[in-house]
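S.K.: Dropping a structure here in structure tokens format, bear with me for questions.
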Amino acid sequence: MNMINSGDTAWVLVSSALVLLMTPALAFFYGGMVRKKNVLSILMQCCIILGLISVQWVLFGYSLSFAPGKGFWGGFGWAGLNGVGLEPYADYAGTIPHQAFMVFQMMFAIITPALIIGAFAERMKFSAFLLFTLLWATLVYDPLCHWVWGLGGWLRNMGALDFAGGTVVHINAGIAALATALAIGKRKNIDKGTPTPHNMPFVVLGTGLLWFGWFGFNAGSALAANGLAVNAFVVTNTAAAAAGLSWAIIEWIRNGKPTIFGFCSGAVAGLVAITPAAGFVNVVSAVIIGLLVSVLCFIAVSIIKPMLGYDDSLDAFGVHCIGGIWGALATGLFASKAVNPAGADGLFYGNPAQFKIQLIAVLITLAYSFVMTFVIYKAVDLLLGMRVKEEDEMMGLDLTQHHERAYTVLE
Amino acid sequence: MKLVIAIIQPHKLEDVKKELYAAEVNLITVSEVLGHGQQKGVTEIYRGAKETGNLLRKVRLEIAVNESFVEPTIKAIIKGAKTGNVGDGKIFVLDLGRCVRIRTNEEGSLAIG
């Protein structure tokens, strides 16, 4: 019989609240980057996902993701939280109430679809966005979550390491972002010059709150108030710091001046990269993971994106997918049983097989999410039309989709 | 000397600037303004309270030019700003009484260019 541990339960509840905050934080991070005629549309898309997925999760999302089962997903056995009570469920977390685990996972299910918004920002119709998000959460996130974390999930059984969501959250959302950016096409008029972020302080505010919330995301994924949580906390901060520094230095060398936008982009990339690794690597590895992720993401957003010409408006693919892939593969390089005996050793600790497993998990995630996202996009496009009319795009989504504006000019 | 004032759609500013540079009109002042003509504004709703006829965001250009540049300036603005829909804006051309360059005290057509 498992006993509820009050320290563990308190930490997981606090962590859940920290991760919840990341979605409004993301709203400001993204909202600052768009033109001022579209800022409310970003905030609204993030906020409505809080509403939509919170309800989807308790009704059937949690069941599809985490009910035991060897199939495509977990099925409907735990629908409406049937049987998900206040006693621990030892196979997921033996010392906290089952519902604490459920609500912690809910916050991950909420922020993941919100990350994709960055790719199609400033041009998607709100009604189509809602349907797309619901279908994506149900048909992409929930199955993938089951494969990697669910009891009986086949990637979990294969031994893939993903501490806090490198594949499930970041690669998944990042590659879905690329699929939607390709499917929806470029914003009008951006060939004449990339729009400037309308409120850089919002980007900084969002970065700060994301960084803060990420301690819940990663350290909370230990599901206990223990040494592993502390390791995750320390490497999370270290990787974010190293990546922020390294992005600023890259800019300084290449563009002549370091920018706050660059530091923020780097910090978020560092947080993304350390996510799968946080419970398996030590602090020196975290520095290396952080320093290198900015190099890779900088190349993706500043060189590859302009070269290929897709319009991933706010670099959801460039930061989350590229950073996530690096993090997942780096876990296969730097993981060490000295940090977490329940984990595995990586390539640099004498176990090349782990790197191969990580690579397979990455490729499966990329393939499944890209194809399914594209299919869902096309289906909703046929049904409702994904893109707003050209004149609505020109006037801005705030006024045309929501009849509101963020800033007044007079008074 | 003339002062050309144009009210255009915000998203056409880049196009208009490009056309003005092509016509060698390089000195402009731009401001953000609110207004509406035949387009009659938009509807906004705040906590259920509906406001109609609100003003739309527009961009106002002010360009001081010598006589020989008046027609090229007007043509460039039209070329850049025209979509054919209501709301494209207007151009006003005013006589300009005097112009002084602050840095040098130069006056008139010398100061404009």
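Each chain in the structure tokens gets a letter, A, B and so on, in the order shown; residues start at 1 in every chain, and ligands are counted from 1 in the order they appear.
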List every residue of region 16-64 of chain B that DSSP, applied to the backbone of this structure, assigns to helix (DSSP H, G or I), and report them as JSON, numbers by chain.

M.R.: {"B": [16, 17, 18, 19, 20, 21, 22]}

S.K.: Filtering to N, CA, C and O atoms, could you give me those residues as a short mmCIF file (atom, residue, chain, number, x, y, z; two decimals), in the first residue's frame?

M.R.:
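And here is the file that came out, selection29.cif:
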data_model
loop_
_atom_site.label_atom_id
_atom_site.label_comp_id
_atom_site.auth_asym_id
_atom_site.auth_seq_id
_atom_site.Cartn_x
_atom_site.Cartn_y
_atom_site.Cartn_z
N VAL B 16 4.13 52.42 -50.49
CA VAL B 16 4.19 53.84 -50.84
C VAL B 16 5.63 54.36 -50.69
O VAL B 16 6.14 55.08 -51.55
N LYS B 17 6.30 53.95 -49.61
CA LYS B 17 7.68 54.39 -49.42
C LYS B 17 8.55 53.94 -50.58
O LYS B 17 9.39 54.69 -51.10
N LYS B 18 8.32 52.69 -51.01
CA LYS B 18 9.12 52.16 -52.12
C LYS B 18 8.92 52.99 -53.39
O LYS B 18 9.87 53.36 -54.08
N GLU B 19 7.64 53.34 -53.68
CA GLU B 19 7.35 54.13 -54.88
C GLU B 19 7.92 55.54 -54.77
O GLU B 19 8.40 56.11 -55.74
N LEU B 20 7.85 56.11 -53.55
CA LEU B 20 8.39 57.46 -53.37
C LEU B 20 9.91 57.47 -53.59
O LEU B 20 10.45 58.37 -54.24
N TYR B 21 10.58 56.46 -53.06
CA TYR B 21 12.04 56.40 -53.26
C TYR B 21 12.36 56.25 -54.75
O TYR B 21 13.31 56.85 -55.25
N ALA B 22 11.52 55.45 -55.43
CA ALA B 22 11.74 55.25 -56.88
C ALA B 22 11.58 56.56 -57.63
O ALA B 22 12.23 56.80 -58.65
#

S.K.: Leaving out Arg98 (chain B) and any residue of its chain fewer than 6 positions from it, which residues lie within 9 Å of it when counting only C-alpha atoms, given as a list of chain:residue names?

M.R.: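 The residues that qualify are B:Met1, B:Glu107, B:Gly108.
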
S.K.: Residues of the last selection are to be written out with C-alpha atoms, as a PDB file, in the first residue's frame.

M.R.:
ATOM      1  CA  MET B   1       6.455  74.793 -53.028  1.00  0.00           C
ATOM      2  CA  GLU B 107      15.035  78.893 -46.946  1.00  0.00           C
ATOM      3  CA  GLY B 108      12.659  77.941 -49.720  1.00  0.00           C
TER       4      GLY B 108
END

S.K.: Show me, as a PDB file with N, CA and C atoms, in the first residue's frame, the residues of chain B whose atoms get within 8 Å of chain A, using only C-alpha atoms for the distance check.

M.R.:
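This is the output file iface.pdb:
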ATOM      1  N   HIS B  11      -1.140  49.258 -43.885  1.00  0.00           N
ATOM      2  CA  HIS B  11      -0.364  48.169 -44.476  1.00  0.00           C
ATOM      3  C   HIS B  11       0.177  48.520 -45.858  1.00  0.00           C
ATOM      4  N   GLU B  14       4.656  50.548 -46.637  1.00  0.00           N
ATOM      5  CA  GLU B  14       5.904  50.065 -47.234  1.00  0.00           C
ATOM      6  C   GLU B  14       5.886  50.230 -48.753  1.00  0.00           C
ATOM      7  N   ASP B  15       4.733  49.914 -49.370  1.00  0.00           N
ATOM      8  CA  ASP B  15       4.607  50.063 -50.830  1.00  0.00           C
ATOM      9  C   ASP B  15       4.774  51.522 -51.249  1.00  0.00           C
ATOM     10  N   VAL B  33      -2.608  57.934 -37.382  1.00  0.00           N
ATOM     11  CA  VAL B  33      -3.803  58.722 -37.081  1.00  0.00           C
ATOM     12  C   VAL B  33      -5.023  57.817 -37.088  1.00  0.00           C
ATOM     13  N   LEU B  34      -6.156  58.356 -36.657  1.00  0.00           N
ATOM     14  CA  LEU B  34      -7.415  57.629 -36.704  1.00  0.00           C
ATOM     15  C   LEU B  34      -8.376  58.357 -37.596  1.00  0.00           C
ATOM     16  N   VAL B  42     -15.507  50.514 -37.740  1.00  0.00           N
ATOM     17  CA  VAL B  42     -15.685  49.104 -37.419  1.00  0.00           C
ATOM     18  C   VAL B  42     -16.516  48.953 -36.159  1.00  0.00           C
ATOM     19  N   THR B  43     -16.925  47.719 -35.891  1.00  0.00           N
ATOM     20  CA  THR B  43     -17.656  47.430 -34.667  1.00  0.00           C
ATOM     21  C   THR B  43     -16.691  46.901 -33.620  1.00  0.00           C
ATOM     22  N   GLU B  44     -16.809  47.385 -32.403  1.00  0.00           N
ATOM     23  CA  GLU B  44     -16.044  46.813 -31.298  1.00  0.00           C
ATOM     24  C   GLU B  44     -17.019  46.477 -30.185  1.00  0.00           C
ATOM     25  N   ILE B  45     -16.704  45.409 -29.436  1.00  0.00           N
ATOM     26  CA  ILE B  45     -17.584  44.997 -28.338  1.00  0.00           C
ATOM     27  C   ILE B  45     -16.750  44.793 -27.087  1.00  0.00           C
ATOM     28  N   TYR B  46     -17.094  45.481 -26.002  1.00  0.00           N
ATOM     29  CA  TYR B  46     -16.391  45.309 -24.732  1.00  0.00           C
ATOM     30  C   TYR B  46     -17.379  44.884 -23.659  1.00  0.00           C
TER      31      TYR B  46
END

S.K.: Which value, in Å to one decimal, gives the distance between CA of Leu205 (chain A) and CA of Leu43 (chain A)?

M.R.: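 So the answer is 13.7 Å.
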
S.K.: Could you list, as a tab-separated table (two decimals) with N, CA, C and O atoms, in the first residue's frame, every residue within 9 Å of Ser265 (chain A), counting only C-alpha atoms and ignoring same-chain residues fewer than 6 positions away?

M.R.:
chain	number	residue	atom	x	y	z
A	207	THR	N	9.32	35.76	-21.32
A	207	THR	CA	10.50	34.92	-21.10
A	207	THR	C	10.72	34.67	-19.61
A	207	THR	O	10.96	33.54	-19.18
A	243	ALA	N	22.44	29.07	-22.61
A	243	ALA	CA	21.89	29.28	-23.96
A	243	ALA	C	21.60	30.75	-24.22
A	243	ALA	O	21.82	31.25	-25.33
A	244	GLY	N	21.11	31.47	-23.20
A	244	GLY	CA	20.87	32.91	-23.36
A	244	GLY	C	22.18	33.64	-23.64
A	244	GLY	O	22.27	34.48	-24.54
A	247	TRP	N	23.48	32.73	-27.24
A	247	TRP	CA	22.76	33.40	-28.36
A	247	TRP	C	23.22	34.86	-28.47
A	247	TRP	O	23.46	35.38	-29.57
A	294	SER	N	21.78	27.08	-28.74
A	294	SER	CA	21.62	28.40	-29.37
A	294	SER	C	22.28	28.44	-30.74
A	294	SER	O	21.78	29.09	-31.65
A	297	CYS	N	19.75	26.54	-33.03
A	297	CYS	CA	18.50	27.28	-33.26
A	297	CYS	C	18.77	28.59	-34.02
A	297	CYS	O	17.96	28.99	-34.86
A	298	PHE	N	19.89	29.22	-33.73
A	298	PHE	CA	20.23	30.45	-34.46
A	298	PHE	C	20.38	30.16	-35.95
A	298	PHE	O	19.87	30.90	-36.80
A	319	VAL	N	12.77	27.08	-32.81
A	319	VAL	CA	13.21	26.99	-31.42
A	319	VAL	C	12.77	25.66	-30.79
A	319	VAL	O	13.59	24.95	-30.22

S.K.: Identify, with DSSP run on backbone atoms, the residues in region 2-40 of chain B assigned to strand (DSSP E), and express the list as a VMD selection string.

M.R.: chain B and resid 2 to 8 29 to 35

S.K.: What lies within 7 Å of Gly220 (chain A) using only C-alpha atoms, ignoring chain neighbours under 3 positions off, as a PyMOL selection string?

M.R.: chain A and resi 11-12+15+215-217+223+229

S.K.: Take the residues just selected and output them with N, CA, C and O atoms as a short mmCIF file (atom, residue, chain, number, x, y, z; two decimals), in the first residue's frame.

M.R.:
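result21.cif was written with the following content:
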data_model
loop_
_atom_site.label_atom_id
_atom_site.label_comp_id
_atom_site.auth_asym_id
_atom_site.auth_seq_id
_atom_site.Cartn_x
_atom_site.Cartn_y
_atom_site.Cartn_z
N TRP A 11 4.71 19.71 -3.57
CA TRP A 11 5.58 20.14 -4.67
C TRP A 11 4.91 19.93 -6.03
O TRP A 11 5.00 20.78 -6.91
N VAL A 12 4.21 18.81 -6.19
CA VAL A 12 3.56 18.56 -7.48
C VAL A 12 2.40 19.55 -7.71
O VAL A 12 2.20 20.03 -8.83
N SER A 15 4.04 22.77 -8.60
CA SER A 15 4.58 22.65 -9.95
C SER A 15 3.47 22.75 -10.99
O SER A 15 3.66 23.36 -12.05
N PHE A 215 10.57 25.69 -14.02
CA PHE A 215 11.03 24.93 -12.85
C PHE A 215 9.98 23.90 -12.43
O PHE A 215 10.31 22.79 -12.01
N GLY A 216 8.70 24.28 -12.60
CA GLY A 216 7.64 23.32 -12.33
C GLY A 216 7.61 22.23 -13.38
O GLY A 216 7.44 21.04 -13.08
N PHE A 217 7.78 22.64 -14.61
CA PHE A 217 7.77 21.72 -15.76
C PHE A 217 8.82 20.63 -15.58
O PHE A 217 8.53 19.44 -15.70
N LEU A 223 8.17 14.30 -9.86
CA LEU A 223 6.94 13.88 -9.18
C LEU A 223 7.16 13.65 -7.69
O LEU A 223 6.42 12.92 -7.04
N ALA A 229 14.53 16.06 -8.21
CA ALA A 229 13.88 17.35 -8.50
C ALA A 229 14.91 18.48 -8.41
O ALA A 229 14.91 19.40 -9.24
#

S.K.: Can you tell me how far CA of Lys36 (chain A) sits from CA of Leu13 (chain B), in Å to one decimal?

M.R.: 15.5 Å

S.K.: Can you pull out every residue within 9 Å of Asn54 (chain B), counting only C-alpha atoms, but drop anything in the same chain fewer than 2 positions away, and send it as an NGL selection string?

M.R.: :B and (35-36 or 40-44 or 51-52 or 56)
